[in-house]
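**Q** Structure incoming, see below.
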Amino acid sequence: MVVSKVFLFHYFERDFGPFRPLTALPMEEARQILITQKDAGKAGNPDIEGFLQNRYHRDRQLRDAFIAHGGRPQRTAPIYAMLGPHDQWESAYDHPAVIKIPLQEIDRLTVSFTYGDSFAIFHPALFGQEEYWNRVYFVNEMLELIERIGFPPHVDYDFKRGIYPADKHINHHLKFVEAHIWADDILNTYRAEWEAQQN
């Protein structure tokens, strides 16, 4: 895999803007946003408290694991992206947009990867014998793993049309290679470019 041809894909709600995770906010502020969305009839997780607890916990877990692996996260909450395109994720948004960041532009010490959705990768009940469970990777390690075993298997799903796999919960499938960006400098550059294009 040639690094110069690989991109991180960050999908987001166009009306909300890029690189704005709920978990970068105090939990009470994030809670109010989800309550407002729910009251407006927008689709979402009906268990707001459970969702928030899981989301904030997972971000802390990823950060701690990355530090233990030798990473140097600068942010408290990561910005999520995918290694390569994953168009199905657009179905999570009313007005989807995407920003592509060349992998070669990112400091390896400020981006971590999981081989699959981190909700699955860190779920103890799902652990198998494969090497990728319960761990994060640097970019060179992830690319080497992909060269050996390929990308996670494809699964059909569409949030808007209510299409989900029949065998197990969607969050229990690997689906994609997940990236976690832990530095603001690269994000600020691409946010400014995207905002300039909207004017």
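Each chain in the structure tokens gets a letter, A, B, ..., in the order shown, and its residues are numbered from 1; ligands are numbered from 1 in order too.
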With 10 Å as the cut-off and only C-alpha atoms counted, what is the closest atom pair between each nearby residue of stretch 126-160 of chain A and stretch 47-63 of chain A? Distances in Å to one decimal, ordered by chain and number, as a tab-separated table.
**A**
residue	atom	partner	partner_atom	distance
A:Asn134	CA	A:Leu62	CA	9.7
A:Arg135	CA	A:Leu62	CA	8.7
A:Val136	CA	A:Leu62	CA	7.5
**Q** Just want the 8 Å neighbourhood of stretch 111-114 of chain A, counted on only C-alpha atoms, with same-chain residues fewer than 6 positions away dropped. Output as a compact mmCIF listing (two decimals) with all heavy atoms, in the first residue's frame.
**A**
# COMPACT_ATOMS: atom_id res chain seq x y z
N PHE A 66 -3.39 4.53 23.43
CA PHE A 66 -2.43 5.14 22.51
C PHE A 66 -1.20 5.63 23.27
O PHE A 66 -0.06 5.45 22.81
CB PHE A 66 -3.10 6.27 21.76
CG PHE A 66 -2.31 6.79 20.58
CD1 PHE A 66 -1.62 5.94 19.75
CD2 PHE A 66 -2.28 8.15 20.30
CE1 PHE A 66 -0.90 6.42 18.66
CE2 PHE A 66 -1.58 8.64 19.22
CZ PHE A 66 -0.88 7.77 18.39
N GLY A 71 2.15 6.68 21.71
CA GLY A 71 1.60 7.84 21.02
C GLY A 71 1.64 9.09 21.88
O GLY A 71 1.83 9.02 23.10
N PRO A 73 -0.88 11.93 22.10
CA PRO A 73 -2.11 12.68 21.81
C PRO A 73 -2.08 14.07 22.42
O PRO A 73 -1.65 14.26 23.56
CB PRO A 73 -3.21 11.82 22.46
CG PRO A 73 -2.50 11.05 23.54
CD PRO A 73 -1.12 10.80 23.01
N ILE A 121 -13.76 -3.54 18.74
CA ILE A 121 -12.40 -3.94 19.05
C ILE A 121 -12.13 -3.97 20.56
O ILE A 121 -11.34 -4.78 21.05
CB ILE A 121 -11.40 -3.00 18.34
CG1 ILE A 121 -11.40 -3.29 16.83
CG2 ILE A 121 -10.00 -3.12 18.91
CD1 ILE A 121 -10.98 -4.70 16.47
N TYR A 132 -5.62 -8.26 16.54
CA TYR A 132 -6.06 -6.87 16.56
C TYR A 132 -7.04 -6.53 17.67
O TYR A 132 -7.39 -5.36 17.87
CB TYR A 132 -6.69 -6.49 15.21
CG TYR A 132 -7.68 -7.48 14.66
CD1 TYR A 132 -8.95 -7.60 15.18
CD2 TYR A 132 -7.33 -8.30 13.58
CE1 TYR A 132 -9.86 -8.51 14.66
CE2 TYR A 132 -8.23 -9.21 13.05
CZ TYR A 132 -9.49 -9.30 13.59
OH TYR A 132 -10.40 -10.20 13.07
N ARG A 135 -6.51 -3.48 20.98
CA ARG A 135 -5.25 -2.77 20.79
C ARG A 135 -5.37 -1.68 19.74
O ARG A 135 -6.27 -1.70 18.89
CB ARG A 135 -4.12 -3.73 20.43
CG ARG A 135 -4.26 -4.43 19.10
CD ARG A 135 -3.02 -5.23 18.75
NE ARG A 135 -1.86 -4.37 18.55
CZ ARG A 135 -0.68 -4.81 18.09
NH1 ARG A 135 -0.51 -6.09 17.82
NH2 ARG A 135 0.32 -3.97 17.91
N VAL A 136 -4.44 -0.72 19.82
CA VAL A 136 -4.34 0.33 18.83
C VAL A 136 -3.01 0.17 18.10
O VAL A 136 -2.09 -0.50 18.58
CB VAL A 136 -4.43 1.74 19.47
CG1 VAL A 136 -5.78 1.95 20.14
CG2 VAL A 136 -3.29 1.98 20.45
N TYR A 137 -2.92 0.83 16.95
CA TYR A 137 -1.75 0.72 16.09
C TYR A 137 -1.27 2.10 15.65
O TYR A 137 -2.06 3.03 15.52
CB TYR A 137 -2.08 -0.07 14.82
CG TYR A 137 -2.40 -1.52 15.01
CD1 TYR A 137 -3.69 -1.93 15.34
CD2 TYR A 137 -1.43 -2.50 14.84
CE1 TYR A 137 -4.00 -3.27 15.51
CE2 TYR A 137 -1.73 -3.85 15.00
CZ TYR A 137 -3.02 -4.23 15.33
OH TYR A 137 -3.32 -5.57 15.49
N PHE A 138 0.05 2.19 15.36
CA PHE A 138 0.57 3.30 14.60
C PHE A 138 0.26 3.04 13.12
O PHE A 138 -0.05 1.91 12.73
CB PHE A 138 2.09 3.43 14.78
CG PHE A 138 2.49 4.01 16.11
CD1 PHE A 138 3.35 3.30 16.95
CD2 PHE A 138 2.05 5.25 16.51
CE1 PHE A 138 3.74 3.82 18.17
CE2 PHE A 138 2.44 5.79 17.73
CZ PHE A 138 3.27 5.07 18.56
N VAL A 139 0.40 4.08 12.30
CA VAL A 139 0.03 3.94 10.89
C VAL A 139 0.85 2.87 10.18
O VAL A 139 0.30 2.06 9.41
CB VAL A 139 0.14 5.29 10.15
CG1 VAL A 139 1.55 5.86 10.20
CG2 VAL A 139 -0.33 5.14 8.71
N MET A 142 -0.46 -0.50 11.12
CA MET A 142 -1.76 -0.80 10.51
C MET A 142 -1.61 -1.15 9.04
O MET A 142 -2.25 -2.09 8.54
CB MET A 142 -2.72 0.38 10.69
CG MET A 142 -4.10 0.16 10.06
SD MET A 142 -4.90 -1.37 10.62
CE MET A 142 -5.23 -0.98 12.34
N VAL A 177 -11.43 0.23 8.91
CA VAL A 177 -10.26 0.57 9.73
C VAL A 177 -10.49 1.98 10.25
O VAL A 177 -10.66 2.92 9.48
CB VAL A 177 -8.95 0.50 8.91
CG1 VAL A 177 -7.79 1.06 9.73
CG2 VAL A 177 -8.67 -0.95 8.51
N GLU A 178 -10.51 2.11 11.57
CA GLU A 178 -10.86 3.37 12.20
C GLU A 178 -9.59 4.13 12.57
O GLU A 178 -8.63 3.55 13.07
CB GLU A 178 -11.69 3.10 13.45
CG GLU A 178 -12.30 4.32 14.10
CD GLU A 178 -13.18 3.92 15.28
OE1 GLU A 178 -14.37 3.64 15.06
OE2 GLU A 178 -12.65 3.87 16.42
N ALA A 179 -9.60 5.44 12.31
CA ALA A 179 -8.47 6.30 12.67
C ALA A 179 -8.94 7.31 13.71
O ALA A 179 -10.10 7.74 13.70
CB ALA A 179 -7.95 7.03 11.43
N HIS A 180 -8.01 7.70 14.58
CA HIS A 180 -8.31 8.65 15.65
C HIS A 180 -7.24 9.73 15.60
O HIS A 180 -6.07 9.45 15.89
CB HIS A 180 -8.32 7.96 17.00
CG HIS A 180 -8.85 6.57 16.93
ND1 HIS A 180 -8.03 5.45 16.97
CD2 HIS A 180 -10.11 6.11 16.76
CE1 HIS A 180 -8.76 4.36 16.85
NE2 HIS A 180 -10.03 4.72 16.71
N ILE A 181 -7.62 10.94 15.22
CA ILE A 181 -6.68 12.05 15.07
C ILE A 181 -6.62 12.81 16.39
O ILE A 181 -7.65 13.29 16.89
CB ILE A 181 -7.09 12.97 13.91
CG1 ILE A 181 -7.22 12.16 12.61
CG2 ILE A 181 -6.07 14.10 13.73
CD1 ILE A 181 -7.86 12.92 11.47
N TRP A 182 -5.41 12.98 16.92
CA TRP A 182 -5.23 13.54 18.26
C TRP A 182 -4.50 14.88 18.25
O TRP A 182 -4.00 15.31 19.30
CB TRP A 182 -4.45 12.56 19.12
CG TRP A 182 -5.12 11.23 19.33
CD1 TRP A 182 -4.91 10.08 18.65
CD2 TRP A 182 -6.12 10.92 20.31
NE1 TRP A 182 -5.70 9.07 19.12
CE2 TRP A 182 -6.46 9.55 20.16
CE3 TRP A 182 -6.77 11.66 21.31
CZ2 TRP A 182 -7.40 8.92 20.96
CZ3 TRP A 182 -7.70 11.03 22.12
CH2 TRP A 182 -8.01 9.67 21.94
N ALA A 183 -4.40 15.56 17.11
CA ALA A 183 -3.70 16.84 17.03
C ALA A 183 -4.56 17.83 16.26
O ALA A 183 -5.25 17.46 15.31
CB ALA A 183 -2.34 16.67 16.36
**Q** Which residue, A:Asp185, A:Asp158, A:Glu141, A:Asp15, has the smallest gap to A:Trp89 when you use only C-alpha atoms?
**A**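 Smallest separation from A:Trp89 among the options: A:Asp158.
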**Q** Tell me, as a list of chain:residue names, which residues lie within 6 Å of stretch 23-31 of chain A, counting only C-alpha atoms; anything in the same chain fewer than 2 positions away does not count.
**A**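 Answer for this query is A:Pro21, A:Ile33, A:Leu34, A:Tyr56, A:Ala77.
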**Q** Keeping only all heavy atoms, write the selected residues to a file as a PDB file, in the first residue's frame.
**A**
ATOM      1  N   PRO A  21     -16.539  16.679  17.577  1.00  0.00           N
ATOM      2  CA  PRO A  21     -17.106  15.540  18.307  1.00  0.00           C
ATOM      3  C   PRO A  21     -17.833  15.982  19.572  1.00  0.00           C
ATOM      4  O   PRO A  21     -17.409  16.925  20.254  1.00  0.00           O
ATOM      5  CB  PRO A  21     -15.872  14.698  18.645  1.00  0.00           C
ATOM      6  CG  PRO A  21     -14.778  15.721  18.779  1.00  0.00           C
ATOM      7  CD  PRO A  21     -15.081  16.760  17.727  1.00  0.00           C
ATOM      8  N   ILE A  33     -27.513  18.757  23.641  1.00  0.00           N
ATOM      9  CA  ILE A  33     -27.566  18.689  22.175  1.00  0.00           C
ATOM     10  C   ILE A  33     -28.361  17.468  21.736  1.00  0.00           C
ATOM     11  O   ILE A  33     -29.231  17.553  20.850  1.00  0.00           O
ATOM     12  CB  ILE A  33     -26.137  18.647  21.586  1.00  0.00           C
ATOM     13  CG1 ILE A  33     -25.466  20.016  21.749  1.00  0.00           C
ATOM     14  CG2 ILE A  33     -26.170  18.246  20.107  1.00  0.00           C
ATOM     15  CD1 ILE A  33     -24.008  20.024  21.334  1.00  0.00           C
ATOM     16  N   LEU A  34     -28.101  16.328  22.359  1.00  0.00           N
ATOM     17  CA  LEU A  34     -28.816  15.101  21.994  1.00  0.00           C
ATOM     18  C   LEU A  34     -30.288  15.182  22.369  1.00  0.00           C
ATOM     19  O   LEU A  34     -31.153  14.700  21.625  1.00  0.00           O
ATOM     20  CB  LEU A  34     -28.158  13.902  22.673  1.00  0.00           C
ATOM     21  CG  LEU A  34     -26.739  13.558  22.206  1.00  0.00           C
ATOM     22  CD1 LEU A  34     -26.203  12.362  22.966  1.00  0.00           C
ATOM     23  CD2 LEU A  34     -26.696  13.307  20.712  1.00  0.00           C
ATOM     24  N   TYR A  56     -17.909   8.580  25.918  1.00  0.00           N
ATOM     25  CA  TYR A  56     -16.834   9.220  26.670  1.00  0.00           C
ATOM     26  C   TYR A  56     -15.844   8.173  27.198  1.00  0.00           C
ATOM     27  O   TYR A  56     -14.633   8.399  27.199  1.00  0.00           O
ATOM     28  CB  TYR A  56     -17.406  10.053  27.817  1.00  0.00           C
ATOM     29  CG  TYR A  56     -17.909  11.419  27.390  1.00  0.00           C
ATOM     30  CD1 TYR A  56     -19.146  11.569  26.772  1.00  0.00           C
ATOM     31  CD2 TYR A  56     -17.148  12.571  27.596  1.00  0.00           C
ATOM     32  CE1 TYR A  56     -19.610  12.807  26.377  1.00  0.00           C
ATOM     33  CE2 TYR A  56     -17.601  13.817  27.208  1.00  0.00           C
ATOM     34  CZ  TYR A  56     -18.839  13.934  26.592  1.00  0.00           C
ATOM     35  OH  TYR A  56     -19.281  15.172  26.192  1.00  0.00           O
ATOM     36  N   ALA A  77     -10.277  14.517  23.278  1.00  0.00           N
ATOM     37  CA  ALA A  77     -11.210  13.725  22.468  1.00  0.00           C
ATOM     38  C   ALA A  77     -10.673  13.608  21.047  1.00  0.00           C
ATOM     39  O   ALA A  77     -10.283  14.609  20.447  1.00  0.00           O
ATOM     40  CB  ALA A  77     -12.589  14.387  22.446  1.00  0.00           C
TER      41      ALA A  77
END
